[in-house]
2 protein chains.
Amino acid sequence: MDRHKKPFSGIKKDFQGRLQCYKQEWIGALCSGMRILAPTAYIFFASALPVIAFGEQLNRDTDGTLSSVETLTSTAICGIIHAIFGGQPLLILGVAEPTVIMYNYLYGFAKGRPELGKELFLAWAGWVCVWTAVMLCILAILNACTLITRFTRVAGELFGMLISVLFMQEAVRGVISEFGVPKGENGTAEQYQFHWLYTNGLLAVIFSFGILITAMKSRGARSWRYGTGWLRSFIADYGVPLMVVVWTAVSYAKPADLPHDVPRRLVCPLPWEAGSLSHWTVIKDMAKVPAVHVFTAIIPAVMIAALYFFDHSVAAQMAQQKEFNLKNPSAYHYDVFLLGIMTLMCGLIGVPPSNGVLPQSPMHTRSLSVLKRQMMRNKMVKCAKEGIKLEASNSEIFGRMHAVFVEMEPHPNSVVDKELENLKEAVMNRDDGGDAKGKFDPDKHIEAYLPVRVNEQRVTNLLQSMLVGLAVFAIPAIRMIPTSVLWGYFAYMSIDSLPGNQFWERLLLFFIPAGRRYKVLESLHASYVESVPFKYITKFTVFQLVYFLICYGITWIPTGGILFPLPFFLLIPIREHVLPKLFPGEHLQELDASEYEEYMGRPVQSMSLSRREGCDESMENDFEMDSAEILDEMTTRRGELKLRSSFNDRQFHVGSDELTTRRGELRLRSSFNDRQFHVNTEEMTTHRGELKLRASFNDRMLHVHRQNGSPA
Amino acid sequence: MDRHKKPFSGIKKDFQGRLQCYKQEWIGALCSGMRILAPTAYIFFASALPVIAFGEQLNRDTDGTLSSVETLTSTAICGIIHAIFGGQPLLILGVAEPTVIMYNYLYGFAKGRPELGKELFLAWAGWVCVWTAVMLCILAILNACTLITRFTRVAGELFGMLISVLFMQEAVRGVISEFGVPKGENGTAEQYQFHWLYTNGLLAVIFSFGILITAMKSRGARSWRYGTGWLRSFIADYGVPLMVVVWTAVSYAKPADLPHDVPRRLVCPLPWEAGSLSHWTVIKDMAKVPAVHVFTAIIPAVMIAALYFFDHSVAAQMAQQKEFNLKNPSAYHYDVFLLGIMTLMCGLIGVPPSNGVLPQSPMHTRSLSVLKRQMMRNKMVKCAKEGIKLEASNSEIFGRMHAVFVEMEPHPNSVVDKELENLKEAVMNRDDGGDAKGKFDPDKHIEAYLPVRVNEQRVTNLLQSMLVGLAVFAIPAIRMIPTSVLWGYFAYMSIDSLPGNQFWERLLLFFIPAGRRYKVLESLHASYVESVPFKYITKFTVFQLVYFLICYGITWIPTGGILFPLPFFLLIPIREHVLPKLFPGEHLQELDASEYEEYMGRPVQSMSLSRREGCDESMENDFEMDSAEILDEMTTRRGELKLRSSFNDRQFHVGSDELTTRRGELRLRSSFNDRQFHVNTEEMTTHRGELKLRASFNDRMLHVHRQNGSPA
């Protein structure tokens, strides 16, 4: 992401870079055969469910003008276009929550003006899309994507928290609405009598809490003790859609005496009914929009363009984290340009536009990295075994494996070289001991030396988008889902997005008494907890909380709420000019590094290192812990790497020698920085020789306290 | 518990032993002042709630003849008698589930016979109590308590599992019953119309799952990260009664349009109403019981006597575990004799008798040990500080502390001497280093050298019993509790009783694939997991499961079910004569040691050792982890010590030197036996110097596999 000065230069560079690997991206996918279906199914369910939920939300917000049919259609069309013509195929597109919120405000504005009204809402929204498309294309042409680096974590976290709170608000509102008569329904109907309304509400409470709790539990299935690996993986990957199916089935286990409409189910027109076909011709209505409103459309367009520009680029960034060792170049400028074109198309056919979605894009990359690993391992083991059968020497075996490695990894670099060297060392040294157990066994030993690689191709997202398109024809099945299941799902999405958000974690820190903070230090924690005095953590978090409340307050303003993205953009100058005056530089950097700085600071080999630590070669067969489980431990459920907080992450500077004592024991794994190793060993034990494990954490806490006490 | 031959000799010895400390047990309690109220309140709530629940269960089973009024009365009367005249004041008495089940069968029998009927049920039950009392007294006189040692864990676990399953059955039955018209009610009343029945059922589902989930969560409150220590302790100690109050309050947050009886609440006559007063005169009716039924009463009496004898003695054993370093002697024979007398009294006034209850008795001891610790610490710190103020020498300070220690610990023995020596060493060595941090600080250092001691007195259980008696007058408040809250509470009791039951843990082991068993080894586990081949674990567990299903099946037989304790007594000869033929001796001993062997094998100092490990002296102030939290880690929620499995428990034979490496680091805490220390250190690291932590677990797993493969 260098800063280019000439217009179009970014797009051009992106296009040329991508063109070179375009063919390989189709061929590579075909080589993986049927295995490609696993990540496809995974990402399909992960993306289809929110799109359906947002469709139902839109349906309520727009009095039925838009519904799941439109959100699914938009996701499918944009996804297919992006899979074929897009620059960064790891990116997953879909209708996202900000779009839904924006369309809610657009509808509110249009409905309140007689010259537009419900009839011309989609036409006016079409104009908004036109303006948005123009702005996005201009941004791409002017190489504005470099601006992204000026967004720091504080903005991303606030935005994430806002979405999370809005999800929870939707969930709570939804459950409460189940106790009342729906908008525009006849209150005298049997199912709207008090006792059935109350029954419907109670069922909603049961179903929404039921899906929330079971979906949350299913997240961690991969590390469960019980059940076979296949079952646990299945539940971990498909737990949430599975729970939607299960609770939908449970909702049909109701006594026959219950009215047909209790519990309530999704409202969604069938796509082949006349009502849904009518508004595909929105483009004809656009001419009817009064001229003044063609221009009022510019205001929401500015907001949407900025939001999309931000969201799309960040999603692309998250899908292409450095730690995944991607080979193909990025294409930020080109993809924003394409996004502009797709937004225009969506506007003209009257569906809400799609953009890069955040949890799903890194999830996609993660699922492909597991796949790539399996393929590489199988091929190398096969080749090494052939060598062993032929009684080839170790160096010959390594030569064969090297050839396979290079075949699958056509563009070597320094990281790859290092990995090959480790593998070579492993193969060569195996016979040194002379006894059987030291023998090189490809089945067991190769896995430990395989780096994280991602199968970069275009078939998974093409298939995923096509499946989303087909889901439009599954509307009759989708309509069987009780609405209360969706409210539970919104609550799940809300809670699921919190871990990893440091704003949230810092808020929680306030509820931990000083004497219990060692518990935070004992577990995985971001570095600011240790390095930044608690006083500054408090100050920064209170600032963020107040700012958040302002943002949240804006969303409650009926039409002015459309400006809700504004404060997030205001954060750029605030972060650059105001915050450095309030916080010492080093603390501010720990608390709020820009995404860009964070990516740069993290050494590339971190991911494969951890992999080796977790899974040792001698136990590969009996020790059942697959790549996906290790990735689960290292990434959040949303595919983001945990602990991306600190760009001077000391953990990775500690050499492997330093990590173990002379006796080969691992030094206190639970703490990440090297300060603890400077503690005198005498101080670490009582005079009875017992370890003061907790005392050493405590020492550091005292240190923090002292800093708190000192003047700023 | 030596085997005495002369009748009465056991009772006599118990009586004499207890007489010596009787006065001290009253004075000691008065010395602790108001602090005694904390364990009193704790044990009151822990014992009152199940008694109320069993009362409701009895009320349904006996068509209202007995209810919570009678169970509370019985618990109060027996508790007060036991507190004043009982031998072992740590024992808590109450109406227990086996009594309720027995009374259910007794009622079924009486109701089915016209010559008895509902009217003479209590009179006939009175005869059962008379016979039971006679048998219990005979058992006590003949010193039969030594028989207890012939009960092995397999019997206790089966019985525990049966009670757990019966609790769950009661919970499920209860919730289902909320969807139907209650027995003996008028089905045409408004609240029994379909829609209100269904509403009532849905509310029951919400309340029972609500209390189950929240009560389970509150159990672990003491180790939560969030909240102050006081709040966490409060929730951990009183979480379950608190949740009953909370959910009862929630049940009143209902719309005004709901009928008054939805949700249903506890049915319990007011104790001062005529209906409940009538049957206190049961003794007069006993003469009306036909002669033949005076003798049929012998059969249930045999069962109840055997059950009580077993239950009462095991509860006393659990309340007086060796690890609590109790000073006062036991009094098994005397207490069984007294139980006989109390059973007689209860029978004559027509209330179900009470006996020693199992979760509550060890919980009582545990709560008193925390109290004693606090008192001792305060007194010694105060005295040491005075010494420091007077600039006394270290040996003078120790002299003062020694005096306090002896004052509070009037009967020194070898364990106490050892502890004093450690304390002396700590006081004396403190100034060796010469610098300030080495200085002896009584606030910080004394705690680490205080052993676990229990405040053995009679006031907590006297007050607790009196409070239970007063609870009879709180019946109007108790009647506000929704029945569905009780069903949730039954489910909670069922699930809460499972951890620590090795039968249950072995059943779960079947659902763990072989490759995941390292997860069991990584966490706290019983020794049989490592030492017994999986083949024998399977065989033993299948035997236990089949036997359990037989026992459970018997409870379903309408009148014959009264014999349900029989199979448990049959287990004594089976264990002694059949099982040794099926399993090699050493494996059988690991899988099923007698309680007696287990107690003997565990060295006494284990508890204070672990205490020191967990909480080091230098961090006493900032590091917030109180005695109660450490006890939580070491005992199950029910006050039983975790891991009492193995009587050759290697963990405790490892000296403290062996526990740490030369560098003062603690050796792999997660595994308890010393086998791992024989593993060559070269084998423990990869050639890159990384620790094969999991590999070493795996080695052992492989060992087990190999044993499985070999012929038996």
# chains A, B, ... in the order shown; residues from 1 in each chain; ligands from 1

call {"tool": "residues_around", "arguments": {"residues": "B:Gly10", "least_positions_apart": "4", "cutoff": "8 Å", "atoms": "only C-alpha atoms", "output": "ChimeraX atom specification"}}
result
/B:4,14,140-143,333-334

call {"tool": "write_last_selection", "arguments": {"atoms": "N, CA and C atoms", "output": "short mmCIF file (atom, residue, chain, number, x, y, z; two decimals), in the first residue's frame"}}
result
data_model
loop_
_atom_site.label_atom_id
_atom_site.label_comp_id
_atom_site.auth_asym_id
_atom_site.auth_seq_id
_atom_site.Cartn_x
_atom_site.Cartn_y
_atom_site.Cartn_z
N HIS B 4 -14.82 -53.67 68.88
CA HIS B 4 -15.03 -54.01 70.29
C HIS B 4 -15.89 -55.24 70.36
N ASP B 14 -17.25 -43.91 73.36
CA ASP B 14 -17.60 -42.67 72.67
C ASP B 14 -18.06 -41.62 73.67
N ALA B 140 -26.07 -50.25 67.50
CA ALA B 140 -25.13 -49.41 68.23
C ALA B 140 -24.58 -50.16 69.44
N ILE B 141 -25.47 -50.88 70.14
CA ILE B 141 -25.03 -51.61 71.35
C ILE B 141 -24.04 -52.70 70.98
N LEU B 142 -24.25 -53.34 69.81
CA LEU B 142 -23.36 -54.42 69.40
C LEU B 142 -22.12 -53.91 68.66
N ASN B 143 -21.87 -52.62 68.73
CA ASN B 143 -20.66 -52.03 68.12
C ASN B 143 -20.57 -52.31 66.62
N HIS B 333 -20.68 -45.02 67.47
CA HIS B 333 -21.64 -45.91 68.13
C HIS B 333 -22.68 -45.11 68.91
N TYR B 334 -22.20 -44.17 69.65
CA TYR B 334 -23.10 -43.37 70.48
C TYR B 334 -24.11 -42.63 69.60
#

call {"tool": "atom_distance", "arguments": {"atom1": "atom CA of B:Arg18", "atom2": "atom CA of B:Met135"}}
result
23.8 Å

call {"tool": "atom_distance", "arguments": {"atom1": "atom CA of A:Ile537", "atom2": "atom CA of A:Pro573"}}
result
20.9 Å

call {"tool": "residues_around", "arguments": {"residues": "A:Leu37", "least_positions_apart": "4", "cutoff": "12 Å", "atoms": "only C-alpha atoms", "output": "compact mmCIF listing (two decimals) with N, CA and C atoms, in the first residue's frame"}}
result
# COMPACT_ATOMS: atom_id res chain seq x y z
N ALA A 29 -7.56 -24.31 -7.53
CA ALA A 29 -8.77 -24.80 -6.87
C ALA A 29 -9.19 -26.14 -7.44
N LEU A 30 -9.04 -26.29 -8.76
CA LEU A 30 -9.45 -27.55 -9.38
C LEU A 30 -8.57 -28.69 -8.89
N SER A 32 -7.46 -29.14 -5.93
CA SER A 32 -7.81 -29.63 -4.58
C SER A 32 -9.05 -30.52 -4.61
N GLY A 33 -9.72 -30.58 -5.76
CA GLY A 33 -10.82 -31.53 -5.93
C GLY A 33 -11.98 -31.28 -4.97
N ALA A 41 -18.77 -24.92 2.11
CA ALA A 41 -19.95 -25.08 2.97
C ALA A 41 -19.81 -24.24 4.23
N TYR A 42 -18.59 -24.24 4.78
CA TYR A 42 -18.34 -23.50 6.02
C TYR A 42 -18.66 -22.02 5.83
N ILE A 43 -18.12 -21.45 4.75
CA ILE A 43 -18.27 -20.01 4.57
C ILE A 43 -19.67 -19.67 4.07
N PHE A 44 -20.31 -20.62 3.39
CA PHE A 44 -21.69 -20.38 2.96
C PHE A 44 -22.61 -20.19 4.16
N SER A 367 -10.22 -20.92 6.96
CA SER A 367 -10.66 -22.25 6.55
C SER A 367 -9.81 -22.75 5.37
N LEU A 368 -9.36 -21.83 4.52
CA LEU A 368 -8.54 -22.25 3.39
C LEU A 368 -7.14 -22.62 3.84
N LEU A 371 -7.13 -26.22 4.83
CA LEU A 371 -7.19 -27.07 3.64
C LEU A 371 -5.81 -27.21 3.00
N VAL A 459 -12.65 -20.40 -6.32
CA VAL A 459 -13.79 -21.30 -6.47
C VAL A 459 -14.67 -21.29 -5.21
N THR A 460 -14.05 -21.24 -4.02
CA THR A 460 -14.89 -21.27 -2.81
C THR A 460 -15.86 -20.11 -2.77
N ASN A 461 -15.38 -18.91 -3.07
CA ASN A 461 -16.30 -17.78 -2.96
C ASN A 461 -17.28 -17.73 -4.12
N LEU A 462 -16.88 -18.26 -5.28
CA LEU A 462 -17.84 -18.35 -6.39
C LEU A 462 -18.98 -19.31 -6.01
N LEU A 463 -18.59 -20.50 -5.52
CA LEU A 463 -19.61 -21.48 -5.13
C LEU A 463 -20.47 -20.95 -3.99
N GLN A 464 -19.81 -20.31 -3.02
CA GLN A 464 -20.54 -19.76 -1.88
C GLN A 464 -21.60 -18.77 -2.36
N LEU A 467 -24.43 -20.52 -4.04
CA LEU A 467 -25.29 -21.16 -3.04
C LEU A 467 -26.21 -20.13 -2.39

call {"tool": "residues_around", "arguments": {"residues": "B:Thr199", "least_positions_apart": "4", "cutoff": "9 Å", "atoms": "only C-alpha atoms", "output": "list in words"}}
result
His195, Trp196, Tyr198, Thr199 and Leu202 of chain A; Phe179, Phe194, His195, Leu203, Ala204, Val262 and Pro263 of chain B

call {"tool": "write_last_selection", "arguments": {"atoms": "all heavy atoms", "output": "short mmCIF file (atom, residue, chain, number, x, y, z; two decimals), in the first residue's frame"}}
result
data_model
loop_
_atom_site.label_atom_id
_atom_site.label_comp_id
_atom_site.auth_asym_id
_atom_site.auth_seq_id
_atom_site.Cartn_x
_atom_site.Cartn_y
_atom_site.Cartn_z
N HIS A 195 -53.85 -14.09 25.92
CA HIS A 195 -53.17 -15.32 26.36
C HIS A 195 -52.26 -15.88 25.28
O HIS A 195 -51.23 -16.45 25.59
CB HIS A 195 -54.17 -16.36 26.87
CG HIS A 195 -55.30 -16.65 25.93
ND1 HIS A 195 -56.49 -15.96 26.00
CD2 HIS A 195 -55.41 -17.52 24.92
CE1 HIS A 195 -57.30 -16.43 25.05
NE2 HIS A 195 -56.66 -17.36 24.38
N TRP A 196 -52.64 -15.70 24.00
CA TRP A 196 -51.75 -16.21 22.95
C TRP A 196 -50.56 -15.29 22.75
O TRP A 196 -49.47 -15.76 22.43
CB TRP A 196 -52.50 -16.44 21.64
CG TRP A 196 -53.49 -17.56 21.75
CD1 TRP A 196 -54.79 -17.53 21.37
CD2 TRP A 196 -53.25 -18.87 22.29
NE1 TRP A 196 -55.40 -18.73 21.64
CE2 TRP A 196 -54.47 -19.57 22.20
CE3 TRP A 196 -52.15 -19.52 22.85
CZ2 TRP A 196 -54.63 -20.89 22.64
CZ3 TRP A 196 -52.29 -20.83 23.29
CH2 TRP A 196 -53.52 -21.49 23.19
N TYR A 198 -49.13 -13.69 25.13
CA TYR A 198 -48.24 -14.00 26.24
C TYR A 198 -47.52 -15.33 25.98
O TYR A 198 -46.31 -15.45 26.19
CB TYR A 198 -49.04 -14.06 27.54
CG TYR A 198 -48.19 -14.06 28.78
CD1 TYR A 198 -47.44 -12.94 29.12
CD2 TYR A 198 -48.13 -15.18 29.61
CE1 TYR A 198 -46.65 -12.95 30.25
CE2 TYR A 198 -47.35 -15.18 30.74
CZ TYR A 198 -46.60 -14.06 31.07
OH TYR A 198 -45.82 -14.06 32.18
N THR A 199 -48.26 -16.30 25.47
CA THR A 199 -47.65 -17.59 25.12
C THR A 199 -46.57 -17.40 24.07
O THR A 199 -45.47 -17.95 24.18
CB THR A 199 -48.74 -18.55 24.59
OG1 THR A 199 -49.74 -18.68 25.59
CG2 THR A 199 -48.17 -19.91 24.26
N LEU A 202 -43.54 -15.94 25.70
CA LEU A 202 -42.78 -16.91 26.50
C LEU A 202 -42.00 -17.85 25.61
O LEU A 202 -40.83 -18.17 25.87
CB LEU A 202 -43.73 -17.70 27.40
CG LEU A 202 -44.40 -16.93 28.54
CD1 LEU A 202 -45.31 -17.86 29.32
CD2 LEU A 202 -43.37 -16.32 29.46
N PHE B 179 -47.55 -28.78 32.91
CA PHE B 179 -48.37 -28.63 31.71
C PHE B 179 -49.74 -29.29 31.88
O PHE B 179 -50.58 -29.18 31.01
CB PHE B 179 -47.67 -29.26 30.50
CG PHE B 179 -46.53 -28.43 29.96
CD1 PHE B 179 -45.22 -28.64 30.39
CD2 PHE B 179 -46.75 -27.45 29.00
CE1 PHE B 179 -44.18 -27.88 29.89
CE2 PHE B 179 -45.72 -26.69 28.50
CZ PHE B 179 -44.42 -26.90 28.94
N PHE B 194 -56.75 -24.94 28.54
CA PHE B 194 -55.53 -25.28 27.81
C PHE B 194 -54.53 -24.16 27.74
O PHE B 194 -53.35 -24.33 28.04
CB PHE B 194 -55.86 -25.77 26.39
CG PHE B 194 -54.64 -25.89 25.56
CD1 PHE B 194 -53.74 -26.94 25.78
CD2 PHE B 194 -54.31 -24.94 24.60
CE1 PHE B 194 -52.58 -27.04 25.06
CE2 PHE B 194 -53.14 -25.03 23.87
CZ PHE B 194 -52.27 -26.09 24.10
N HIS B 195 -54.97 -22.94 27.38
CA HIS B 195 -53.97 -21.90 27.15
C HIS B 195 -53.27 -21.51 28.43
O HIS B 195 -52.09 -21.18 28.42
CB HIS B 195 -54.58 -20.69 26.44
CG HIS B 195 -55.81 -20.14 27.09
ND1 HIS B 195 -57.07 -20.53 26.72
CD2 HIS B 195 -55.96 -19.25 28.08
CE1 HIS B 195 -57.96 -19.89 27.46
NE2 HIS B 195 -57.31 -19.12 28.30
N LEU B 203 -43.81 -21.14 31.57
CA LEU B 203 -43.18 -20.41 32.68
C LEU B 203 -42.34 -21.37 33.51
O LEU B 203 -41.24 -21.02 33.95
CB LEU B 203 -44.25 -19.75 33.56
CG LEU B 203 -44.87 -18.49 32.97
CD1 LEU B 203 -46.03 -18.03 33.84
CD2 LEU B 203 -43.83 -17.37 32.87
N ALA B 204 -42.85 -22.60 33.69
CA ALA B 204 -42.09 -23.59 34.47
C ALA B 204 -40.77 -23.91 33.79
O ALA B 204 -39.73 -24.03 34.44
CB ALA B 204 -42.92 -24.85 34.65
N VAL B 262 -51.29 -18.89 38.13
CA VAL B 262 -50.24 -19.12 37.12
C VAL B 262 -49.13 -18.11 37.39
O VAL B 262 -49.40 -16.91 37.40
CB VAL B 262 -50.80 -18.94 35.69
CG1 VAL B 262 -49.68 -19.07 34.67
CG2 VAL B 262 -51.90 -19.96 35.42
N PRO B 263 -47.89 -18.50 37.64
CA PRO B 263 -47.41 -19.88 37.79
C PRO B 263 -47.82 -20.47 39.14
O PRO B 263 -48.06 -19.73 40.08
CB PRO B 263 -45.89 -19.70 37.74
CG PRO B 263 -45.65 -18.33 38.28
CD PRO B 263 -46.81 -17.51 37.85
#

call {"tool": "closest_residue", "arguments": {"among": "A:Ile481, A:Ala315, A:Ile206, A:Ala221", "to": "chain B", "atoms": "only C-alpha atoms"}}
result
A:Ile206

call {"tool": "residues_around", "arguments": {"residues": "stretch 47-52 of chain B", "least_positions_apart": "6", "cutoff": "9 Å", "atoms": "only C-alpha atoms", "output": "list in words"}}
result
Ser67, Ser68, Val69, Thr71, Leu72, Thr75, Ile92, Leu93, Gly94, Val95, Ala96, Glu97, Val240, Pro241, Val357, Pro359, Gln360, Gln464, Leu467, Val468, Ala471, Ile478, Leu486, Tyr489, Phe490 and Met493 of chain B

call {"tool": "atom_distance", "arguments": {"atom1": "atom CA of A:Ser313", "atom2": "atom CA of A:Thr343"}}
result
15.2 Å

call {"tool": "closest_residue", "arguments": {"among": "B:Thr132, B:Ser218, B:Thr73, B:Thr228", "to": "chain A", "atoms": "only C-alpha atoms"}}
result
B:Thr228

call {"tool": "residues_around", "arguments": {"residues": "A:Lys118", "least_positions_apart": "4", "cutoff": "9 Å", "atoms": "only C-alpha atoms", "output": "PyMOL selection string"}}
result
chain A and resi 62-63+65+107+110-112+114+122

call {"tool": "select_by_dssp", "arguments": {"residues": "stretch 445-589 of chain A", "states": "helix (DSSP H, G or I)", "output": "count of residues only"}}
result
106

call {"tool": "residues_around", "arguments": {"residues": "A:Ser354", "least_positions_apart": "3", "cutoff": "12 Å", "atoms": "only C-alpha atoms", "output": "PyMOL selection string"}}
result
chain A and resi 47+51+54+70-82+91-100+129+304+307-309+311-312+338-347+351+357-358+465

call {"tool": "closest_residue", "arguments": {"among": "B:Ala171, B:Ala331, B:Val244, B:Val294", "to": "B:Phe15", "atoms": "only C-alpha atoms"}}
result
B:Ala331

call {"tool": "closest_residue", "arguments": {"among": "A:Val472, A:Leu582, A:Ala526, A:Cys21", "to": "A:Trp272", "atoms": "only C-alpha atoms"}}
result
A:Val472
